[in-house]
Every structure is written in C-alpha cells, then in structure tokens.
Amino acid sequence: MAETKTIALLGQPNSGKSTLFNNLTGLHQHVGNWPGKTVERAEGFFCYNDVEYKVVDLPGSYGLSANSEEEVVTRNFIWNGVADLTCVLVDASQLERSLYMLADFVGVRSPVMLVLNMMDVAEAAGKKIDVKAIEKKLGIPVLGFSAAETSRYPEFFKKMEAAIKHPTCLDSADLREELNAGGETPLHMLEEILDDLKIGNSENLWLAVKLLENDKLVRKAVKDALPFARRNAVESILNSAEGCDGGIATGEAKYRWISKIVKETCSEKTPEKVFGKWDRIATHRIKGKIFSFVIMVVSLICCMILAFPGMGIGFGLQPVLQSLVDRICGSLGLWPVVASFINNVLVGGTCITICMTSFIFSIVFVFRILEEIGYMARFSYAFDNWLSRLGLHGKAIMPLFSGIGCTAGAVCGTRVLDTRGQRLLALVLLWAIPCGSKVAVVLFLASTFFGSAAPFFALGYVALIFASFWLSSFLFGNKLVPENERVGMIMELPPYHKPHWKMIAAMVGRSTWGIFKKALKMILMVAALFWALSYASDGNVENTILYKIGNAIEPVTMFFGMRWELFVSYLGGMFSKEASLGIMSTLFNHTGETFSLVTRVAASENLGEVLARTISKPEALAFIFASMFNVPCVLAMGTTYREVGTIKWLATIMGYYIALSLGLAFIGYHIGLLIF
Amino acid sequence: MMQQENIRAISLSEMGENSTGNIAKIEGDSRFISRIISIGLTPGSSFTLLKNDGRSPVLVFCRDTVIAVNRRECSQIYVKVEA
C-alpha cells in the first residue's frame, strides 16, 4: 500500500461534517486530544482503491478567524498545510451564507475541494444549483452531495481521488478585486508592506485580511516576522480610521465575491414559509418553554422505551446465569469462593454494564434525532435567557434535562456545546441533577424515616439543586467561561430536516459499543475490588476487610453523621444508586447473602422497618443529604472522563461533589441533633 | 434627498415584527464582528425580522437562514427600515 493521504474536513456547524466523517470512517475512528490542547481531535481511516486515507475532522468553527481554542486548532492545522486535501463542506440549502467558509479559505495555498452538502434539501426547496458552473468559476473540484445518503458515497470517493491526484488551490484574483474595490484601500497597502513575507501556507492577501479582522495570532506572527520599520507601518495602517473597523469591510467583500458566484450559477424560488406556525409556538417566550418541556418529557419516555430491551436482557440474564454458575460450580465441587467471584463480579458486572449502556444508547440516539430534525436549536432558543445567567449557552438545556433520565447518557450529550469551557461547566451542573434511580433512593429514604414529610424533602431537594447550580456557576463559571468570552446567543435555527434513522442508529450504536467495552473493563475492576473487600468465606460480615476498615474510620465518618454501615452504603452509591440500597439491605437486615455491588434486589421487603428502628433521625437526615449530592454512578464517571479527557478534571468534579454531599450531611446531622 | 428622509436608522432590537430592513452599521469588538459576519449578517444585507417580543433573542431571516441574535448584541446592530 502506498503512503497514507490526509483529508481534512472543514465546515460550519450544521454543515453535516460529522455525518460525513462517521460514514467515511465507520469503526476506524480514534478520538483524542490535540497535542497540548484540550480540544477534541477526531481522526479516522478508510481505504479506497488500495490507498489508505486519514480523515481529520477539524473542530467546529464558523470561519478561519481564531477566536476560540477550537478555532485556533482548526486554523493552525490549515496553516501548517498537513492535509493533502481539505474538503470544505457547505450547506447547499443555505449556499450564500455557508460559502463564507470557502471565502475565508481563499488565499490559503492548500489543495481544496468543495462539497455542496444537502443537495436533496436544496432541490426539495426548489433551488437549482449548477455544480459544473460553480466548478468552472472556482477552478476547484466541486461535488453536489448528500452526506446522509450512503448510496452517494461512490461519487465522493471518485471526486476525492481525482482531487488528490490533481491538486488545485483556490485562485485569489477575484476576491482581491472585491477587497480592493475602493482603490487605495488599507488592504492594498498592507499587502505591499508584507511583500515577500511568508507565514504558513497562506498568501499575503489572506494575512492582510486577517490583520484587518484584528486576528491576534496573525498580528503577532506578522509582527514577529517583520523588521521594525515595516512592522510600524503595519501598525499605523491598522490603527488608522479605515484600518480598524474589525473586518466589516473584508466581510462585505467576501459576501460580494460569494454573491457573484451564486448569482451566476444558481436559481431559486423565494421560500414560501420560512417561519411557520410551529416555529411561532416553539420560539414563544412562554408557550415555547411549555412546548419544549412537553417534547423533552416525551423524548425521555422514548428513551425509557428504547432502553427497555437492553434493561430486560441485563436484568433477566443475571439470575439465570447466576443460578447456572452456582449449579455448575456446585457439581464440579469448586470452592464457593469461585462461584461467588464469578457471580458477583463477572456475571453481575456484565449484566449491570448492559443495563447502563442501553440507557446511554437510547439517550444519545434520541438526542441525535432531535438535533438532526433541527429541534435542538429551538430548545436552546427557548431557554437561552435562563441558562445565560449561569454562564451557559442555551444549547446546554438538552443535556441538563436528559440528566433526569440517565447522567451517563446526558454527559455524552454535552458534546453539542461549542467550547470546552462550556462543556465542562455543563458537566459540573449536570452532576447535581439526579437520575431516576437517585430520586428513587432519596424518596425511599425520606418516606422511610420521615413518612408524611417526604414531599417537603422532594421540594427541598429541588431547591438545593438550584442552589447548587448557583454555587457551581459562582465557583467554576468565571474560570471556565470567562466574562469576556461570553458572546450572547448568535445562532442559526436550522430548517427542519427529516432524520435519517438508520444512519443515526448505526452511528450511535458504534459509539455506544466503544463505551460498552471501556465501561465493562472499568465496572469489572471496581466490582472485583469491592468483592475482595467484602468477601468472607463464612458469610459473616464481621470477617470482611470492609468491616475492619469501616470500623477503623467510623470515628471520622461519624463526624458527618454516618456510622460505618451508612458510609459503606454511601460509597456503594458511587457505583450505582441501587447498590447503595442493596448494601444497606445486607448490613442492616442480615439477609444472609454477602453484600455486593451488583445486587439486583434493591431493597428487601422490610428494609424500611428495620432501618427506621436502627437508625436515628439525625443520622437519617445526614444520609439523605449525602445521597442527594453523591457523585453519579461509575458509568457516569467513566463517560465524564471520556468527555473531559483528563483525570485532573474528573477528580476536581468528584472532589467538589464529595465535599458538597459530606458538607450537607454534616450540617444535616448536627441540625438534626439539635431538633430531635 | 427625498429618499433619505423616508429612511431612519434604528437598532435591531427596536424593529417591529414582520418588517424588512437593511443593515446600516455593526458596532462591537472584532470577536463579535467576526461571529456576526460569519453567520451572514453584514452591512448592506437585507433581511426580514421574524420575531421580536421585547425579551427573547431577536429572530431575523437573512441569506436563507433564520438567525437568533441576543438582545444585548442587537443594540450594536443598526438597521434602515423603510417607513
């Protein structure tokens, strides 16, 4: 096989970049970080005609100006000229606007190919685009395409192969003419001063445009490269009246350049209905929120239904396999320790992983469908006012809301946010939102100990969650999303599209499979560790290592109002919420079985009575508070690690919530001691 | 000169729903300008204002695209509306 060719995918959000990337590379993907950056780097491979191609999905950006960390990565990649071919993706149904990315690419001396994506949508809207004419006008390969239709990929491969064999760059003459329309423009003067300067693979024209757009990195690079006198000349032009409009003039010129291309090559009907009845409701200040709320509840129900088969398999398989293992081990005369290990670690761990990942699949799937339909942007619009107070973009509403269903799945959904800071802040807030199981545990405890006062606990819980949002935003907000980087909502509301179910299911299926494999390893490890700590050959709790450790640290944990049994249950809650009840059931009710993280019988029948008898009210209060803000399950921590990319951040968020929950437990316990 | 009198420049957030206008001027730092231009709003572009309820972000239709613009940012965009 010959050397690997590199293809970079460049396009604005909603251009269908990730669809193309996923369909090209399938399972052959690698997601990591860009060296020295915290920006996600997605790469994949595919083969065509015995040549291997590496595809790099460049981080989302709106143009080639470097305003965010993501955009810096994208721009530097283009600048370094690593790619054998850059595919610029534009939305054919919004050709004029999305060609801006290509206009920004003019002046970059790098082989390029233009992909007019969503041709089907454009045609359905009555647009006629003469692809051949655009190709002729631009002098680069142009492909009319629809990334979601797998049958059209042969066209892509052919075009791409030819584009790599005969590399062509964009010609800058036409854009230069537009930019210099006023005669003696600052741009013209800048170009003359830059003269023979060479930075990256861009022409002086491109550098001069970016200088006028006040791109700090280009400005610095130019300053460093120029001798003193010329540097001063550049500065004086940029500081002059015409030179400091921040790129409005260059922007106008780029759109004039685009208009000329579009006018000569496309014809269109004026769209009849751009803003229909549904959009009026969806964006209404009050109705929109109610409407979004209904849609979100319906989507959550859909998630539950979708997750049901996986849950069924996980739940159903466990007792069957466990009794099978017992019988086989019994008949082989193996030590009971082997059966215990297989059941509590291997079988239990695998089954619980199946249950948990089926939730992740369903949430991410429903998420992608809503995004693809175009509804996600309407949600974001409806809730932007609220979320911007916390420093978040409206887009964060969906991941936050789906946290009620499953934290681990919702964590994957934070990927819709544009910058890493936004993603991290959303993750921090998300951890405070209780998933269904956590709510069940908290309410069970509240009604067990405080009976009819339980509804007050529910209300108090909601209030505490909102208070924690405020606290998190206060503590993390400014660091993650600095005030001067907070640009208010400037967002496209994309037209509604028909979702491509099959393609999305395949895409989400692939990523869930990746999560499943990693999660299985992690869950088995944690389960094995817990098993080793909690195994006693005679089934007596007092002979376990956990009992000894628990007793040793009880003086400390009592400080937070938790005797060792409760503290171990609290730790179990970090594995799964059900485990927390399962452990309590074993420790307080002496159900006979050794306690295990994977117990499926969440609570034995009279657990409530026994608990109410043995545990005092202040202790109960402490434990309820601790459970409310305990960290989410082990899988949610795993997906969080996947999103944040560093142990440091995972540890920070974990530490924050452990401190928060123990702090509340401490307060609850000591107030309880005063009252009861 | 007659034509000039019929046209007045107001900020985008003061515009009424379903009226059409032309962007006259955009103010702000280069980060904002780069963002607003890359999404398709430039001086001279004509658009229709779809929604302005006084509190939510304003919705405009420009270059085949529905664009939401936050209210604070709207006050930095000046438009010419035909009387």
# chains A, B, ... in the order shown; residues from 1 in each chain; ligands from 1

call {"tool": "interface_residues", "arguments": {"of": "chain A", "to": "chain B", "cutoff": "8 Å", "atoms": "only C-alpha atoms", "output": "PyMOL selection string"}}
result
chain A and resi 62-63+65+67+93-94+96-98+100-101+213-215+246-248+251-252+274-275+285+381-382+385+487-495

call {"tool": "select_by_dssp", "arguments": {"residues": "chain B", "states": "alpha helix (DSSP H)", "output": "PyMOL selection string"}}
result
chain B and resi 2-6+30-38+71-74

call {"tool": "select_by_dssp", "arguments": {"residues": "range 29-146 of chain A", "states": "strand (DSSP E or B)", "output": "number ranges by chain"}}
result
A: 29-33, 40-48, 51-57, 85-91, 108, 112-117, 127-129, 142-144

call {"tool": "closest_residue", "arguments": {"among": "A:Pro309, A:Arg231, A:Pro632, A:Ile286", "to": "Thr357 in chain A", "atoms": "only C-alpha atoms"}}
result
A:Pro309

call {"tool": "atom_distance", "arguments": {"atom1": "CA of Ala620 in chain A", "atom2": "CA of Gly672 in chain A"}}
result
8.9 Å

call {"tool": "residues_around", "arguments": {"residues": "Val262 in chain A", "least_positions_apart": "3", "cutoff": "9 Å", "atoms": "only C-alpha atoms", "output": "list of chain:residue names"}}
result
A:Leu95, A:Glu96, A:Ile129, A:Ile134, A:Trp257, A:Ile258, A:Ser259, A:Thr265, A:Cys266, A:Ser267

call {"tool": "write_last_selection", "arguments": {"atoms": "C-alpha atoms", "output": "PDB file, in the first residue's frame"}}
result
ATOM      1  CA  LEU A  95     -25.475  28.322  -0.087  1.00  0.00           C
ATOM      2  CA  GLU A  96     -24.789  32.020   0.133  1.00  0.00           C
ATOM      3  CA  ILE A 129     -27.606  24.687  -8.408  1.00  0.00           C
ATOM      4  CA  ILE A 134     -19.536  26.586  -9.838  1.00  0.00           C
ATOM      5  CA  TRP A 257     -17.476  37.514  -4.001  1.00  0.00           C
ATOM      6  CA  ILE A 258     -19.951  34.813  -2.927  1.00  0.00           C
ATOM      7  CA  SER A 259     -22.938  36.662  -4.408  1.00  0.00           C
ATOM      8  CA  THR A 265     -24.789  29.532 -11.046  1.00  0.00           C
ATOM      9  CA  CYS A 266     -27.961  29.156  -9.023  1.00  0.00           C
ATOM     10  CA  SER A 267     -31.589  29.950  -9.400  1.00  0.00           C
TER      11      SER A 267
END

call {"tool": "residues_around", "arguments": {"residues": "range 467-480 of chain A", "least_positions_apart": "4", "cutoff": "12 Å", "atoms": "only C-alpha atoms", "output": "PyMOL selection string"}}
result
chain A and resi 386-392+400+419-433+460-463+484-486+628-629+649+652-653+656-657+660-661+664

call {"tool": "write_last_selection", "arguments": {"atoms": "C-alpha atoms", "output": "short mmCIF file (atom, residue, chain, number, x, y, z; two decimals), in the first residue's frame"}}
result
data_model
loop_
_atom_site.label_atom_id
_atom_site.label_comp_id
_atom_site.auth_asym_id
_atom_site.auth_seq_id
_atom_site.Cartn_x
_atom_site.Cartn_y
_atom_site.Cartn_z
CA TRP A 386 -32.25 31.25 31.83
CA LEU A 387 -29.04 29.46 31.08
CA SER A 388 -27.07 32.55 30.13
CA ARG A 389 -27.42 33.65 33.76
CA LEU A 390 -25.38 30.60 34.72
CA GLY A 391 -22.83 31.39 32.02
CA LEU A 392 -24.09 28.65 29.72
CA LEU A 400 -29.13 19.06 31.56
CA THR A 419 -16.31 25.26 23.57
CA ARG A 420 -14.59 23.14 26.13
CA GLY A 421 -15.26 25.64 28.91
CA GLN A 422 -18.97 25.47 28.20
CA ARG A 423 -18.86 21.68 28.15
CA LEU A 424 -17.04 21.49 31.48
CA LEU A 425 -19.40 23.94 33.17
CA ALA A 426 -22.40 22.00 31.87
CA LEU A 427 -20.87 18.78 33.21
CA VAL A 428 -20.37 20.27 36.65
CA LEU A 429 -24.03 21.36 36.78
CA LEU A 430 -25.20 18.09 35.30
CA TRP A 431 -23.79 16.01 38.13
CA ALA A 432 -26.16 17.71 40.55
CA ILE A 433 -29.18 16.60 38.57
CA GLY A 460 -36.16 20.93 49.44
CA TYR A 461 -34.17 18.73 47.08
CA VAL A 462 -35.26 20.76 44.06
CA ALA A 463 -34.37 23.99 45.87
CA ASN A 484 -15.07 38.50 28.07
CA GLU A 485 -15.55 35.28 26.12
CA ARG A 486 -19.26 35.17 26.72
CA MET A 628 -28.69 13.74 47.25
CA PHE A 629 -25.35 15.14 46.15
CA TRP A 649 -10.90 17.48 35.86
CA THR A 652 -11.97 18.06 40.57
CA ILE A 653 -15.64 17.46 39.84
CA TYR A 656 -16.43 19.02 44.58
CA TYR A 657 -19.45 16.75 44.88
CA LEU A 660 -20.72 19.12 48.86
CA SER A 661 -22.52 15.94 49.90
CA LEU A 664 -24.55 18.85 53.67
#

call {"tool": "decode", "arguments": {"residues": "range 10-71 of chain B", "atoms": "C-alpha atoms", "output": "JSON list (two decimals), in the first residue's frame"}}
result
[["chain", "number", "residue", "atom", "x", "y", "z"],
["B", 10, "ILE", "CA", -32.68, 52.30, 14.48],
["B", 11, "SER", "CA", -31.19, 49.44, 16.42],
["B", 12, "LEU", "CA", -32.27, 45.94, 15.55],
["B", 13, "SER", "CA", -33.93, 45.45, 18.91],
["B", 14, "GLU", "CA", -36.31, 48.33, 18.23],
["B", 15, "MET", "CA", -37.61, 46.90, 14.99],
["B", 16, "GLY", "CA", -41.15, 45.63, 14.66],
["B", 17, "GLU", "CA", -42.05, 42.09, 13.67],
["B", 18, "ASN", "CA", -42.53, 41.16, 10.02],
["B", 19, "SER", "CA", -40.83, 44.29, 8.74],
["B", 20, "THR", "CA", -37.94, 44.22, 6.32],
["B", 21, "GLY", "CA", -34.80, 46.23, 6.70],
["B", 22, "ASN", "CA", -31.25, 46.71, 5.65],
["B", 23, "ILE", "CA", -28.28, 46.58, 7.97],
["B", 24, "ALA", "CA", -26.67, 50.01, 8.17],
["B", 25, "LYS", "CA", -23.90, 49.58, 10.70],
["B", 26, "ILE", "CA", -22.46, 46.99, 13.04],
["B", 27, "GLU", "CA", -20.54, 48.00, 16.13],
["B", 28, "GLY", "CA", -18.55, 45.95, 18.56],
["B", 29, "ASP", "CA", -15.24, 44.21, 19.15],
["B", 30, "SER", "CA", -13.63, 42.09, 16.46],
["B", 31, "ARG", "CA", -14.73, 38.85, 18.12],
["B", 32, "PHE", "CA", -18.37, 39.87, 17.83],
["B", 33, "ILE", "CA", -17.94, 41.20, 14.31],
["B", 34, "SER", "CA", -16.22, 38.06, 13.11],
["B", 35, "ARG", "CA", -19.03, 35.98, 14.58],
["B", 36, "ILE", "CA", -21.90, 38.03, 13.20],
["B", 37, "ILE", "CA", -20.35, 38.26, 9.74],
["B", 38, "SER", "CA", -19.60, 34.55, 9.56],
["B", 39, "ILE", "CA", -23.26, 33.81, 10.26],
["B", 40, "GLY", "CA", -24.28, 36.04, 7.39],
["B", 41, "LEU", "CA", -25.17, 39.49, 8.72],
["B", 42, "THR", "CA", -23.14, 42.23, 7.04],
["B", 43, "PRO", "CA", -23.79, 45.91, 6.40],
["B", 44, "GLY", "CA", -25.99, 46.19, 3.35],
["B", 45, "SER", "CA", -27.66, 42.82, 3.69],
["B", 46, "SER", "CA", -31.43, 42.95, 3.65],
["B", 47, "PHE", "CA", -33.44, 40.80, 6.00],
["B", 48, "THR", "CA", -36.87, 40.20, 7.46],
["B", 49, "LEU", "CA", -37.44, 40.47, 11.16],
["B", 50, "LEU", "CA", -39.39, 37.38, 12.18],
["B", 51, "LYS", "CA", -39.73, 37.84, 15.88],
["B", 52, "ASN", "CA", -39.11, 40.47, 18.48],
["B", 53, "ASP", "CA", -41.10, 40.06, 21.67],
["B", 54, "GLY", "CA", -39.04, 42.52, 23.68],
["B", 55, "ARG", "CA", -37.37, 39.87, 25.85],
["B", 56, "SER", "CA", -36.24, 36.78, 23.95],
["B", 57, "PRO", "CA", -33.41, 36.97, 21.42],
["B", 58, "VAL", "CA", -34.48, 38.55, 18.14],
["B", 59, "LEU", "CA", -35.03, 36.30, 15.12],
["B", 60, "VAL", "CA", -34.13, 37.53, 11.66],
["B", 61, "PHE", "CA", -34.24, 35.85, 8.27],
["B", 62, "CYS", "CA", -31.24, 36.66, 6.13],
["B", 63, "ARG", "CA", -29.47, 34.77, 3.33],
["B", 64, "ASP", "CA", -31.89, 31.82, 3.55],
["B", 65, "THR", "CA", -31.18, 31.42, 7.24],
["B", 66, "VAL", "CA", -33.14, 32.03, 10.42],
["B", 67, "ILE", "CA", -30.72, 33.62, 12.86],
["B", 68, "ALA", "CA", -31.22, 34.26, 16.56],
["B", 69, "VAL", "CA", -29.39, 37.28, 17.96],
["B", 70, "ASN", "CA", -29.20, 38.05, 21.66],
["B", 71, "ARG", "CA", -30.82, 41.34, 22.69]]
